[in-house]
>>> print(open('work.json').read())   # JSON, C-alpha atoms and all ligand atoms
[["chain", "number", "residue", "atom", "x", "y", "z"],
["A", 59, "MET", "CA", -12.96, 3.77, 6.84],
["A", 60, "THR", "CA", -15.22, 0.72, 6.50],
["A", 61, "THR", "CA", -18.11, 2.68, 5.01],
["A", 62, "PRO", "CA", -18.88, 1.39, 1.54],
["A", 63, "SER", "CA", -18.37, 4.21, -0.86],
["A", 64, "SER", "CA", -19.10, 5.32, -4.40],
["A", 65, "ASN", "CA", -19.95, 2.76, -7.05],
["A", 66, "THR", "CA", -16.56, 3.08, -8.71],
["A", 67, "LEU", "CA", -14.26, 0.23, -7.72],
["A", 68, "VAL", "CA", -11.00, 1.55, -9.16],
["A", 69, "LYS", "CA", -10.06, 5.00, -10.40],
["A", 70, "LEU", "CA", -6.61, 6.02, -11.61],
["A", 71, "THR", "CA", -6.11, 9.66, -12.54],
["A", 72, "GLY", "CA", -2.95, 10.79, -14.31],
["A", 73, "VAL", "CA", -0.88, 8.01, -12.77],
["A", 74, "ARG", "CA", 2.84, 8.25, -13.46],
["A", 75, "LYS", "CA", 5.46, 5.90, -12.16],
["A", 76, "SER", "CA", 9.22, 6.11, -12.33],
["A", 77, "TYR", "CA", 11.81, 3.83, -10.83],
["A", 78, "PHE", "CA", 14.85, 5.52, -9.36],
["A", 79, "SER", "CA", 18.34, 4.19, -9.11],
["A", 80, "GLY", "CA", 20.14, 6.85, -7.13],
["A", 81, "LYS", "CA", 19.32, 10.02, -9.05],
["A", 82, "VAL", "CA", 18.72, 8.25, -12.33],
["A", 83, "GLU", "CA", 15.00, 8.25, -13.11],
["A", 84, "THR", "CA", 13.46, 5.58, -15.33],
["A", 85, "PRO", "CA", 9.91, 6.67, -16.19],
["A", 86, "VAL", "CA", 7.66, 3.66, -16.83],
["A", 87, "LEU", "CA", 4.05, 4.88, -16.65],
["A", 88, "HIS", "CA", 3.44, 8.24, -18.32],
["A", 89, "GLY", "CA", -0.06, 9.26, -17.20],
["A", 90, "ILE", "CA", -2.65, 6.51, -16.93],
["A", 91, "ASP", "CA", -6.37, 7.21, -16.55],
["A", 92, "PHE", "CA", -8.50, 4.17, -15.81],
["A", 93, "THR", "CA", -11.92, 3.68, -14.23],
["A", 94, "MET", "CA", -13.56, 0.40, -13.36],
["A", 95, "GLN", "CA", -17.07, -0.36, -12.10],
["A", 96, "PRO", "CA", -17.89, -3.47, -10.04],
["A", 97, "GLY", "CA", -18.54, -6.52, -12.23],
["A", 98, "ASP", "CA", -16.14, -5.54, -14.99],
["A", 99, "PHE", "CA", -13.61, -7.98, -16.43],
["A", 100, "VAL", "CA", -10.56, -6.27, -17.92],
["A", 101, "ALA", "CA", -7.64, -7.78, -19.82],
["A", 102, "ILE", "CA", -4.42, -5.77, -19.98],
["A", 103, "MET", "CA", -2.09, -6.41, -22.90],
["A", 104, "GLY", "CA", 1.12, -4.82, -24.12],
["A", 105, "GLN", "CA", 4.66, -5.73, -25.06],
["A", 106, "SER", "CA", 7.15, -6.92, -22.48],
["A", 107, "GLY", "CA", 8.38, -3.86, -20.58],
["A", 108, "SER", "CA", 5.33, -1.72, -21.44],
["A", 109, "GLY", "CA", 4.46, -1.37, -17.74],
["A", 110, "LYS", "CA", 1.77, -3.98, -17.12],
["A", 111, "SER", "CA", 3.21, -5.40, -13.90],
["A", 112, "THR", "CA", 4.12, -1.91, -12.71],
["A", 113, "LEU", "CA", 0.48, -0.93, -13.19],
["A", 114, "MET", "CA", -0.75, -4.10, -11.45],
["A", 115, "ASN", "CA", 1.51, -3.37, -8.46],
["A", 116, "ILE", "CA", -0.14, 0.03, -8.15],
["A", 117, "LEU", "CA", -3.65, -1.40, -8.60],
["A", 118, "GLY", "CA", -2.80, -3.93, -5.89],
["A", 119, "CYS", "CA", -1.58, -1.20, -3.51],
["A", 120, "LEU", "CA", 1.83, -2.88, -3.42],
["A", 121, "ASP", "CA", 3.42, 0.25, -4.83],
["A", 122, "THR", "CA", 2.45, 3.90, -5.05],
["A", 123, "PRO", "CA", 2.35, 6.20, -8.09],
["A", 124, "THR", "CA", 5.16, 8.76, -8.41],
["A", 125, "SER", "CA", 2.36, 11.24, -9.15],
["A", 126, "GLY", "CA", -1.35, 11.08, -9.87],
["A", 127, "GLU", "CA", -4.09, 9.49, -7.80],
["A", 128, "HIS", "CA", -5.22, 5.93, -7.12],
["A", 129, "GLN", "CA", -8.67, 5.35, -5.65],
["A", 130, "LEU", "CA", -9.82, 1.91, -4.55],
["A", 131, "ASP", "CA", -13.40, 1.34, -3.44],
["A", 132, "GLY", "CA", -13.81, 5.07, -2.89],
["A", 133, "HIS", "CA", -10.65, 5.49, -0.79],
["A", 134, "THR", "CA", -7.70, 7.56, -1.93],
["A", 135, "VAL", "CA", -4.96, 5.03, -1.37],
["A", 136, "ASN", "CA", -2.09, 7.38, -0.49],
["A", 137, "LYS", "CA", -4.20, 9.07, 2.21],
["A", 138, "LEU", "CA", -4.67, 5.89, 4.23],
["A", 139, "SER", "CA", -2.61, 4.86, 7.21],
["A", 140, "ARG", "CA", -0.64, 1.64, 6.94],
["A", 141, "ALA", "CA", -3.25, -0.24, 8.98],
["A", 142, "GLU", "CA", -6.16, 1.18, 6.98],
["A", 143, "LEU", "CA", -4.43, 0.21, 3.75],
["A", 144, "ALA", "CA", -3.82, -3.34, 5.00],
["A", 145, "GLY", "CA", -7.50, -3.61, 5.93],
["A", 146, "LEU", "CA", -8.63, -2.29, 2.56],
["A", 147, "ARG", "CA", -6.36, -4.73, 0.71],
["A", 148, "ASN", "CA", -7.52, -7.71, 2.77],
["A", 149, "ARG", "CA", -11.18, -6.86, 2.22],
["A", 150, "THR", "CA", -10.97, -5.92, -1.42],
["A", 151, "LEU", "CA", -8.18, -7.70, -3.30],
["A", 152, "GLY", "CA", -7.09, -11.18, -4.32],
["A", 153, "PHE", "CA", -3.75, -11.60, -6.11],
["A", 154, "VAL", "CA", -2.33, -14.06, -8.56],
["A", 155, "PHE", "CA", 1.26, -12.95, -9.16],
["A", 156, "GLN", "CA", 3.40, -13.50, -12.24],
["A", 157, "SER", "CA", 5.75, -15.56, -10.04],
["A", 158, "PHE", "CA", 3.33, -17.35, -7.76],
["A", 159, "ASN", "CA", 4.80, -16.08, -4.46],
["A", 160, "LEU", "CA", 3.90, -19.18, -2.50],
["A", 161, "LEU", "CA", 5.59, -19.52, 0.87],
["A", 162, "LYS", "CA", 8.03, -22.43, 0.66],
["A", 163, "ARG", "CA", 7.98, -23.54, 4.28],
["A", 164, "MET", "CA", 4.21, -23.69, 4.54],
["A", 165, "SER", "CA", 1.96, -26.47, 3.35],
["A", 166, "VAL", "CA", -0.18, -25.90, 0.28],
["A", 167, "LEU", "CA", -3.25, -25.78, 2.56],
["A", 168, "ASP", "CA", -1.79, -23.05, 4.78],
["A", 169, "ASN", "CA", -0.69, -21.04, 1.75],
["A", 170, "VAL", "CA", -4.29, -21.01, 0.57],
["A", 171, "ALA", "CA", -5.59, -20.20, 4.07],
["A", 172, "LEU", "CA", -3.25, -17.22, 4.46],
["A", 173, "PRO", "CA", -5.56, -14.42, 3.22],
["A", 174, "LEU", "CA", -8.22, -15.62, 5.70],
["A", 175, "LEU", "CA", -5.73, -15.60, 8.58],
["A", 176, "TYR", "CA", -4.79, -12.04, 7.61],
["A", 177, "ALA", "CA", -8.51, -11.23, 7.77],
["A", 178, "ASN", "CA", -8.64, -12.70, 11.31],
["A", 179, "VAL", "CA", -10.66, -15.78, 10.44],
["A", 180, "PRO", "CA", -9.94, -18.45, 13.13],
["A", 181, "ARG", "CA", -7.39, -21.04, 11.97],
["A", 182, "ALA", "CA", -9.72, -24.09, 11.92],
["A", 183, "LYS", "CA", -12.34, -22.22, 9.92],
["A", 184, "ALA", "CA", -9.68, -20.82, 7.58],
["A", 185, "ARG", "CA", -8.30, -24.30, 6.91],
["A", 186, "GLU", "CA", -11.79, -25.64, 6.23],
["A", 187, "ARG", "CA", -12.43, -22.92, 3.63],
["A", 188, "ALA", "CA", -8.96, -23.40, 2.15],
["A", 189, "ARG", "CA", -9.64, -27.13, 1.78],
["A", 190, "ALA", "CA", -12.89, -26.40, -0.06],
["A", 191, "GLN", "CA", -11.11, -23.94, -2.37],
["A", 192, "LEU", "CA", -8.33, -26.48, -3.09],
["A", 193, "ALA", "CA", -10.99, -29.01, -4.04],
["A", 194, "LYS", "CA", -12.35, -26.53, -6.60],
["A", 195, "VAL", "CA", -8.98, -26.38, -8.35],
["A", 196, "GLY", "CA", -8.56, -30.17, -8.18],
["A", 197, "LEU", "CA", -5.76, -30.26, -5.60],
["A", 198, "THR", "CA", -7.35, -31.93, -2.58],
["A", 199, "ASP", "CA", -4.66, -34.63, -2.54],
["A", 200, "TYR", "CA", -1.86, -32.06, -2.42],
["A", 201, "ALA", "CA", -3.00, -30.06, 0.61],
["A", 202, "ASN", "CA", -0.23, -31.26, 2.93],
["A", 203, "ARG", "CA", 2.67, -30.94, 0.50],
["A", 204, "GLN", "CA", 5.11, -28.08, 0.28],
["A", 205, "PRO", "CA", 4.65, -25.88, -2.82],
["A", 206, "ASN", "CA", 8.04, -26.92, -4.30],
["A", 207, "GLN", "CA", 6.82, -30.53, -4.44],
["A", 208, "LEU", "CA", 4.22, -29.49, -7.03],
["A", 209, "SER", "CA", 4.52, -28.89, -10.77],
["A", 210, "GLY", "CA", 4.44, -25.34, -12.14],
["A", 211, "GLY", "CA", 0.83, -25.74, -13.24],
["A", 212, "GLN", "CA", -0.20, -27.11, -9.84],
["A", 213, "GLN", "CA", 1.56, -24.24, -8.06],
["A", 214, "GLN", "CA", -0.30, -21.84, -10.31],
["A", 215, "ARG", "CA", -3.59, -23.44, -9.26],
["A", 216, "VAL", "CA", -2.61, -23.09, -5.59],
["A", 217, "ALA", "CA", -1.92, -19.39, -6.22],
["A", 218, "ILE", "CA", -5.35, -19.05, -7.79],
["A", 219, "ALA", "CA", -7.05, -20.86, -4.90],
["A", 220, "ARG", "CA", -5.29, -18.46, -2.51],
["A", 221, "ALA", "CA", -6.49, -15.46, -4.53],
["A", 222, "LEU", "CA", -10.10, -16.63, -4.43],
["A", 223, "VAL", "CA", -10.42, -18.07, -0.92],
["A", 224, "ALA", "CA", -11.55, -14.85, 0.78],
["A", 225, "ASP", "CA", -14.08, -13.96, -1.94],
["A", 226, "PRO", "CA", -12.46, -10.62, -2.80],
["A", 227, "PRO", "CA", -14.51, -8.14, -4.87],
["A", 228, "LEU", "CA", -11.47, -7.54, -7.12],
["A", 229, "ILE", "CA", -9.13, -10.23, -8.43],
["A", 230, "LEU", "CA", -5.78, -9.10, -9.87],
["A", 231, "ALA", "CA", -4.06, -11.72, -11.99],
["A", 232, "ASP", "CA", -0.70, -11.12, -13.72],
["A", 233, "GLU", "CA", -0.40, -13.75, -16.46],
["A", 234, "PRO", "CA", -2.29, -16.44, -14.52],
["A", 235, "THR", "CA", -1.99, -18.87, -17.43],
["A", 236, "GLY", "CA", 1.58, -17.94, -18.38],
["A", 237, "ASN", "CA", 3.25, -21.31, -17.75],
["A", 238, "LEU", "CA", 0.29, -23.59, -18.24],
["A", 239, "ASP", "CA", -0.81, -26.04, -20.91],
["A", 240, "THR", "CA", -3.90, -25.20, -22.97],
["A", 241, "ARG", "CA", -6.24, -27.46, -21.03],
["A", 242, "THR", "CA", -5.31, -26.03, -17.62],
["A", 243, "SER", "CA", -5.44, -22.49, -19.03],
["A", 244, "THR", "CA", -8.94, -23.10, -20.33],
["A", 245, "ASP", "CA", -10.05, -24.50, -16.95],
["A", 246, "ILE", "CA", -8.68, -21.46, -15.15],
["A", 247, "MET", "CA", -10.22, -18.99, -17.56],
["A", 248, "ASN", "CA", -13.59, -20.76, -17.34],
["A", 249, "ALA", "CA", -13.37, -20.60, -13.53],
["A", 250, "LEU", "CA", -12.59, -16.85, -13.61],
["A", 251, "THR", "CA", -15.37, -16.21, -16.13],
["A", 252, "GLU", "CA", -17.86, -18.01, -13.85],
["A", 253, "LEU", "CA", -16.80, -15.96, -10.83],
["A", 254, "ASN", "CA", -17.27, -12.79, -12.84],
["A", 255, "ARG", "CA", -20.61, -13.80, -14.35],
["A", 256, "ASP", "CA", -22.26, -15.58, -11.44],
["A", 257, "ARG", "CA", -20.80, -13.81, -8.42],
["A", 258, "GLY", "CA", -20.09, -10.42, -9.93],
["A", 259, "GLN", "CA", -16.44, -10.51, -8.87],
["A", 260, "SER", "CA", -14.37, -7.99, -10.83],
["A", 261, "ILE", "CA", -11.20, -9.12, -12.56],
["A", 262, "ILE", "CA", -8.13, -7.42, -13.97],
["A", 263, "LEU", "CA", -5.91, -9.84, -15.82],
["A", 264, "VAL", "CA", -2.61, -9.34, -17.63],
["A", 265, "THR", "CA", -1.91, -11.59, -20.58],
["A", 266, "HIS", "CA", 0.17, -11.80, -23.75],
["A", 267, "GLU", "CA", -2.31, -14.12, -25.44],
["A", 268, "PRO", "CA", -5.29, -12.83, -27.44],
["A", 269, "ASP", "CA", -7.15, -16.13, -26.82],
["A", 270, "ILE", "CA", -6.93, -15.50, -23.07],
["A", 271, "ALA", "CA", -7.84, -11.81, -23.33],
["A", 272, "ALA", "CA", -10.94, -12.85, -25.30],
["A", 273, "TYR", "CA", -12.51, -14.15, -22.06],
["A", 274, "ALA", "CA", -12.62, -10.57, -20.72],
["A", 275, "LYS", "CA", -15.25, -7.93, -21.49],
["A", 276, "ARG", "CA", -12.87, -5.05, -21.87],
["A", 277, "LEU", "CA", -9.35, -4.65, -23.21],
["A", 278, "VAL", "CA", -6.72, -2.14, -22.16],
["A", 279, "ARG", "CA", -3.62, -2.04, -24.35],
["A", 280, "LEU", "CA", -0.49, -0.42, -22.97],
["A", 281, "LYS", "CA", 2.33, 0.90, -25.09],
["A", 282, "ASP", "CA", 5.42, 2.48, -23.55],
["A", 283, "GLY", "CA", 3.54, 3.35, -20.37],
["A", 284, "LEU", "CA", 0.49, 4.88, -22.05],
["A", 285, "VAL", "CA", -2.98, 3.54, -22.79],
["A", 286, "LEU", "CA", -3.17, 2.76, -26.51],
["A", 287, "TYR", "CA", -6.70, 1.30, -26.44],
["A", 288, "ASP", "CA", -9.42, 1.02, -23.80],
["A", 289, "GLY", "CA", -12.74, -0.43, -24.89],
["A", 290, "PRO", "CA", -14.73, -3.55, -25.75],
["A", 291, "VAL", "CA", -12.52, -6.64, -26.02],
["A", 292, "ARG", "CA", -13.73, -7.71, -29.45],
["A", 293, "GLU", "CA", -12.88, -4.42, -31.19],
["A", 294, "GLY", "CA", -9.64, -4.18, -29.25],
["A", 295, "LEU", "CA", -8.45, -7.62, -30.33],
["A", 296, "ALA", "CA", -9.39, -6.87, -33.96],
["A", 297, "GLN", "CA", -7.31, -3.68, -33.76],
["A", 298, "LEU", "CA", -4.43, -5.61, -32.19],
["A", 299, "GLN", "CA", -4.54, -8.13, -35.03],
["A", 300, "ARG", "CA", -4.46, -5.34, -37.65],
["A", 301, "ASP", "CA", -1.51, -3.69, -35.87],
["A", 302, "THR", "CA", 0.37, -6.99, -35.74],
["A", 303, "GLN", "CA", -0.24, -7.60, -39.45],
["A", 304, "ASP", "CA", 0.84, -4.04, -40.32],
["A", 305, "ASN", "CA", 4.06, -4.49, -38.34],
["A", 306, "ALA", "CA", 4.77, -7.83, -40.01],
["A", 307, "ALA", "CA", 4.11, -6.28, -43.45],
["A", 308, "GLN", "CA", 6.45, -3.39, -42.66],
["A", 309, "GLU", "CA", 9.19, -5.75, -41.52],
["A", 310, "THR", "CA", 8.80, -7.82, -44.69],
["A", 311, "ALA", "CA", 8.97, -4.65, -46.82],
["A", 312, "GLN", "CA", 12.08, -3.47, -44.95],
["A", 313, "GLY", "CA", 13.71, -6.89, -45.19],
["A", 314, "ALA", "CA", 12.94, -7.28, -48.93],
["A", 315, "PRO", "CA", 15.80, -6.76, -51.36],
["A", 316, "ALA", "CA", 15.65, -3.38, -53.14],
["B", 1, "LIG", "N1", 11.94, -2.35, -9.55],
["B", 1, "LIG", "C1", 12.30, -1.83, -10.73],
["B", 1, "LIG", "N2", 13.35, -0.99, -10.83],
["B", 1, "LIG", "C2", 13.71, -0.43, -12.01],
["B", 1, "LIG", "N3", 13.09, -0.67, -13.17],
["B", 1, "LIG", "C3", 12.04, -1.49, -13.14],
["B", 1, "LIG", "C4", 11.58, -2.12, -11.94],
["B", 1, "LIG", "N4", 10.51, -2.90, -12.23],
["B", 1, "LIG", "C5", 10.31, -2.76, -13.56],
["B", 1, "LIG", "N5", 11.22, -1.92, -14.11],
["B", 1, "LIG", "C6", 11.28, -1.50, -15.53],
["B", 1, "LIG", "O1", 10.04, -0.94, -15.86],
["B", 1, "LIG", "C7", 9.63, -1.34, -17.16],
["B", 1, "LIG", "C8", 8.26, -1.97, -17.09],
["B", 1, "LIG", "O2", 8.35, -3.18, -16.37],
["B", 1, "LIG", "P1", 7.08, -4.10, -16.09],
["B", 1, "LIG", "O3", 7.51, -5.21, -15.21],
["B", 1, "LIG", "O4", 5.96, -3.26, -15.61],
["B", 1, "LIG", "O5", 6.76, -4.63, -17.58],
["B", 1, "LIG", "P2", 5.67, -5.66, -18.08],
["B", 1, "LIG", "O6", 4.81, -4.96, -19.07],
["B", 1, "LIG", "O7", 4.99, -6.31, -16.93],
["B", 1, "LIG", "O8", 6.57, -6.73, -18.86],
["B", 1, "LIG", "P3", 6.42, -8.35, -18.96],
["B", 1, "LIG", "O9", 5.40, -8.57, -20.05],
["B", 1, "LIG", "O10", 7.79, -8.76, -19.40],
["B", 1, "LIG", "O11", 6.02, -8.90, -17.65],
["B", 1, "LIG", "C9", 10.72, -2.25, -17.70],
["B", 1, "LIG", "O12", 11.56, -1.51, -18.55],
["B", 1, "LIG", "C10", 11.44, -2.69, -16.45],
["B", 1, "LIG", "O13", 12.80, -2.94, -16.73],
["B", 2, "MG", "MG", 4.96, -8.29, -16.14]]
>>> encode(input="work.json", output="structure tokens")
Amino acid sequence: MTTPSSNTLVKLTGVRKSYFSGKVETPVLHGIDFTMQPGDFVAIMGQSGSGKSTLMNILGCLDTPTSGEHQLDGHTVNKLSRAELAGLRNRTLGFVFQSFNLLKRMSVLDNVALPLLYANVPRAKARERARAQLAKVGLTDYANRQPNQLSGGQQQRVAIARALVADPPLILADEPTGNLDTRTSTDIMNALTELNRDRGQSIILVTHEPDIAAYAKRLVRLKDGLVLYDGPVREGLAQLQRDTQDNAAQETAQGAPA
């Protein structure tokens, strides 16, 4: 189980996902193929409801495909035992959720230390590393507060510190700059870019903003649960801009008096 495997970090083959409410099926992902090598930096874009978070939940092993296969670091995720899966997640993944998911009753410091405690790092050592990570996001003075005593932007930075503290090979970030001002967003994107460039950490990031996606190397566009584009970020953003202009032109034409 711990043997390092093939060079492919993530592989999705024909992944479909439906949500069920009783017998009523709501299909969300309609067959996603996606491969990622270590060191890649992928931005995922798509309209609200297109399935981005659903896809991230699968990539993060928080949910399983209805059909199709998900491989992470050479392991077929649905073939692992619960304990093996927990181990794989702790070794491989760091999360920044759309809603930060900080634990309210724990201090900021202990929130950041949590992934290390899960990985059986002794508490004192975990706190030391958490403190160093908090310093990197400029929150040293907030270590002993509760998360709800921080602003939205500060909480977001705590969530990012928690995602990075255990040096995971793959960082999954669902709109990490969603609620932040431009300056903080830029700081966070620069920090992620550095991790990717200098430490080779792989990143998958969901965003609605082209300016944020532009930090990535590769763009995946989702539409109605299918991949609309998968390729270099520059070409992808140019295509997105053309599509947006076409749509606006169409709406103007439709709205114009006959
Ligand atoms: N637990 C669930 N049960 C039923 N339907 C769900 C569930 N989670 C998501 N959906 C539906 O699946 C679709 C995709 O949702 P998802 O959260 O993946 O979208 P998204 O692309 O992340 O959107 P946003 O940009 O708004 O975050 C939506 O129509 C949503 O209503
Ligand atoms: Mg979402």
>>> residues_around(input="work.json", residues="range 205-221 of chain A", least_positions_apart="5", cutoff="9 Å", atoms="all atoms listed in the file", output="PyMOL selection string")
chain A and resi 151-155+157-167+169-173+188+191-192+194-197+200+226+229-231+234-235+237-239+242+246
>>> residues_near_ligand(input="work.json", ligand="ligand MG 2 (chain B)", cutoff="7 Å", atoms="all atoms listed in the file", output="PyMOL selection string")
chain A and resi 106+110-111+156+232
>>> atom_distance(input="work.json", atom1="CA of Ser125 in chain A", atom2="CA of Gly89 in chain A")
8.6 Å
>>> residues_near_ligand(input="work.json", ligand="ligand LIG 1 (chain B)", cutoff="12 Å", atoms="only C-alpha atoms and all ligand atoms", output="mmCIF file with C-alpha atoms, keeping the file's coordinate frame")
data_model
loop_
_atom_site.group_PDB
_atom_site.id
_atom_site.type_symbol
_atom_site.label_atom_id
_atom_site.label_comp_id
_atom_site.auth_asym_id
_atom_site.auth_seq_id
_atom_site.Cartn_x
_atom_site.Cartn_y
_atom_site.Cartn_z
ATOM 1 C CA ARG A 74 2.840 8.250 -13.460
ATOM 2 C CA LYS A 75 5.460 5.900 -12.160
ATOM 3 C CA SER A 76 9.220 6.110 -12.330
ATOM 4 C CA TYR A 77 11.810 3.830 -10.830
ATOM 5 C CA PHE A 78 14.850 5.520 -9.360
ATOM 6 C CA SER A 79 18.340 4.190 -9.110
ATOM 7 C CA GLY A 80 20.140 6.850 -7.130
ATOM 8 C CA VAL A 82 18.720 8.250 -12.330
ATOM 9 C CA GLU A 83 15.000 8.250 -13.110
ATOM 10 C CA THR A 84 13.460 5.580 -15.330
ATOM 11 C CA PRO A 85 9.910 6.670 -16.190
ATOM 12 C CA VAL A 86 7.660 3.660 -16.830
ATOM 13 C CA LEU A 87 4.050 4.880 -16.650
ATOM 14 C CA HIS A 88 3.440 8.240 -18.320
ATOM 15 C CA ILE A 102 -4.420 -5.770 -19.980
ATOM 16 C CA MET A 103 -2.090 -6.410 -22.900
ATOM 17 C CA GLY A 104 1.120 -4.820 -24.120
ATOM 18 C CA GLN A 105 4.660 -5.730 -25.060
ATOM 19 C CA SER A 106 7.150 -6.920 -22.480
ATOM 20 C CA GLY A 107 8.380 -3.860 -20.580
ATOM 21 C CA SER A 108 5.330 -1.720 -21.440
ATOM 22 C CA GLY A 109 4.460 -1.370 -17.740
ATOM 23 C CA LYS A 110 1.770 -3.980 -17.120
ATOM 24 C CA SER A 111 3.210 -5.400 -13.900
ATOM 25 C CA THR A 112 4.120 -1.910 -12.710
ATOM 26 C CA LEU A 113 0.480 -0.930 -13.190
ATOM 27 C CA MET A 114 -0.750 -4.100 -11.450
ATOM 28 C CA ASN A 115 1.510 -3.370 -8.460
ATOM 29 C CA ILE A 116 -0.140 0.030 -8.150
ATOM 30 C CA LEU A 120 1.830 -2.880 -3.420
ATOM 31 C CA ASP A 121 3.420 0.250 -4.830
ATOM 32 C CA PHE A 155 1.260 -12.950 -9.160
ATOM 33 C CA GLN A 156 3.400 -13.500 -12.240
ATOM 34 C CA SER A 157 5.750 -15.560 -10.040
ATOM 35 C CA ALA A 231 -4.060 -11.720 -11.990
ATOM 36 C CA ASP A 232 -0.700 -11.120 -13.720
ATOM 37 C CA GLU A 233 -0.400 -13.750 -16.460
ATOM 38 C CA PRO A 234 -2.290 -16.440 -14.520
ATOM 39 C CA GLY A 236 1.580 -17.940 -18.380
ATOM 40 C CA LEU A 263 -5.910 -9.840 -15.820
ATOM 41 C CA VAL A 264 -2.610 -9.340 -17.630
ATOM 42 C CA THR A 265 -1.910 -11.590 -20.580
ATOM 43 C CA HIS A 266 0.170 -11.800 -23.750
ATOM 44 C CA GLU A 267 -2.310 -14.120 -25.440
ATOM 45 C CA ARG A 279 -3.620 -2.040 -24.350
ATOM 46 C CA LEU A 280 -0.490 -0.420 -22.970
ATOM 47 C CA LYS A 281 2.330 0.900 -25.090
ATOM 48 C CA ASP A 282 5.420 2.480 -23.550
ATOM 49 C CA GLY A 283 3.540 3.350 -20.370
ATOM 50 C CA LEU A 284 0.490 4.880 -22.050
#
>>> residues_around(input="work.json", residues="range 67-71 of chain A", least_positions_apart="6", cutoff="10 Å", atoms="only C-alpha atoms", output="PyMOL selection string")
chain A and resi 89-98+116-117+123+125-134+150+227-228+260
>>> closest_residue(input="work.json", among="A:Val291, A:Ile261, A:Ala224, A:Ala272", to="Ala184 in chain A", atoms="all atoms listed in the file")
A:Ala224
>>> atom_distance(input="work.json", atom1="CA of Asp225 in chain A", atom2="CA of Arg276 in chain A")
21.9 Å
>>> axis_aligned_box(input="work.json", around="range 190-209 of chain A", padding_each_side="8 Å", output="AutoDock Vina command-line options")
--center_x -2.4 --center_y -29.3 --center_z -3.9 --size_x 36.9 --size_y 26.7 --size_z 29.7
>>> atom_distance(input="work.json", atom1="CA of Leu222 in chain A", atom2="CA of Thr240 in chain A")
21.3 Å
>>> closest_residue(input="work.json", among="A:Asp168, A:Asn178, A:Gln312, A:Lys183", to="Ala201 in chain A", atoms="all atoms listed in the file")
A:Asp168
>>> closest_residue(input="work.json", among="A:Ala311, A:Ala271, A:Cys119, A:Leu250", to="Arg140 in chain A", atoms="only C-alpha atoms")
A:Cys119
>>> closest_residue(input="work.json", among="A:Arg292, A:Lys275, A:Lys81, A:Arg147", to="Phe99 in chain A", atoms="all atoms listed in the file")
A:Lys275
>>> build_atoms(input="work.json", residues="range 128-140 of chain A", atoms="N, CA and C atoms", output="PDB file, in the frame of the given file")
ATOM      1  N   HIS A 128      -4.645   7.273  -7.046  1.00  0.00           N
ATOM      2  CA  HIS A 128      -5.220   5.930  -7.120  1.00  0.00           C
ATOM      3  C   HIS A 128      -6.332   5.815  -6.088  1.00  0.00           C
ATOM      4  N   GLN A 129      -7.558   5.600  -6.571  1.00  0.00           N
ATOM      5  CA  GLN A 129      -8.670   5.350  -5.650  1.00  0.00           C
ATOM      6  C   GLN A 129      -9.101   3.902  -5.762  1.00  0.00           C
ATOM      7  N   LEU A 130      -9.335   3.280  -4.599  1.00  0.00           N
ATOM      8  CA  LEU A 130      -9.820   1.910  -4.550  1.00  0.00           C
ATOM      9  C   LEU A 130     -11.047   1.867  -3.640  1.00  0.00           C
ATOM     10  N   ASP A 131     -12.148   1.431  -4.195  1.00  0.00           N
ATOM     11  CA  ASP A 131     -13.400   1.340  -3.440  1.00  0.00           C
ATOM     12  C   ASP A 131     -13.724   2.669  -2.734  1.00  0.00           C
ATOM     13  N   GLY A 132     -13.456   3.751  -3.406  1.00  0.00           N
ATOM     14  CA  GLY A 132     -13.810   5.070  -2.890  1.00  0.00           C
ATOM     15  C   GLY A 132     -12.760   5.708  -1.984  1.00  0.00           C
ATOM     16  N   HIS A 133     -11.701   4.958  -1.658  1.00  0.00           N
ATOM     17  CA  HIS A 133     -10.650   5.490  -0.790  1.00  0.00           C
ATOM     18  C   HIS A 133      -9.454   5.935  -1.608  1.00  0.00           C
ATOM     19  N   THR A 134      -8.933   7.117  -1.287  1.00  0.00           N
ATOM     20  CA  THR A 134      -7.700   7.560  -1.930  1.00  0.00           C
ATOM     21  C   THR A 134      -6.543   6.864  -1.236  1.00  0.00           C
ATOM     22  N   VAL A 135      -5.883   5.981  -1.980  1.00  0.00           N
ATOM     23  CA  VAL A 135      -4.960   5.030  -1.370  1.00  0.00           C
ATOM     24  C   VAL A 135      -3.827   5.712  -0.598  1.00  0.00           C
ATOM     25  N   ASN A 136      -3.250   6.788  -1.167  1.00  0.00           N
ATOM     26  CA  ASN A 136      -2.090   7.380  -0.490  1.00  0.00           C
ATOM     27  C   ASN A 136      -2.478   8.217   0.733  1.00  0.00           C
ATOM     28  N   LYS A 137      -3.789   8.333   1.005  1.00  0.00           N
ATOM     29  CA  LYS A 137      -4.200   9.070   2.210  1.00  0.00           C
ATOM     30  C   LYS A 137      -4.470   8.142   3.380  1.00  0.00           C
ATOM     31  N   LEU A 138      -4.361   6.834   3.158  1.00  0.00           N
ATOM     32  CA  LEU A 138      -4.670   5.890   4.230  1.00  0.00           C
ATOM     33  C   LEU A 138      -3.442   5.616   5.086  1.00  0.00           C
ATOM     34  N   SER A 139      -3.699   5.315   6.346  1.00  0.00           N
ATOM     35  CA  SER A 139      -2.610   4.860   7.210  1.00  0.00           C
ATOM     36  C   SER A 139      -2.236   3.449   6.783  1.00  0.00           C
ATOM     37  N   ARG A 140      -1.093   2.985   7.256  1.00  0.00           N
ATOM     38  CA  ARG A 140      -0.640   1.640   6.940  1.00  0.00           C
ATOM     39  C   ARG A 140      -1.694   0.590   7.321  1.00  0.00           C
TER      40      ARG A 140
END
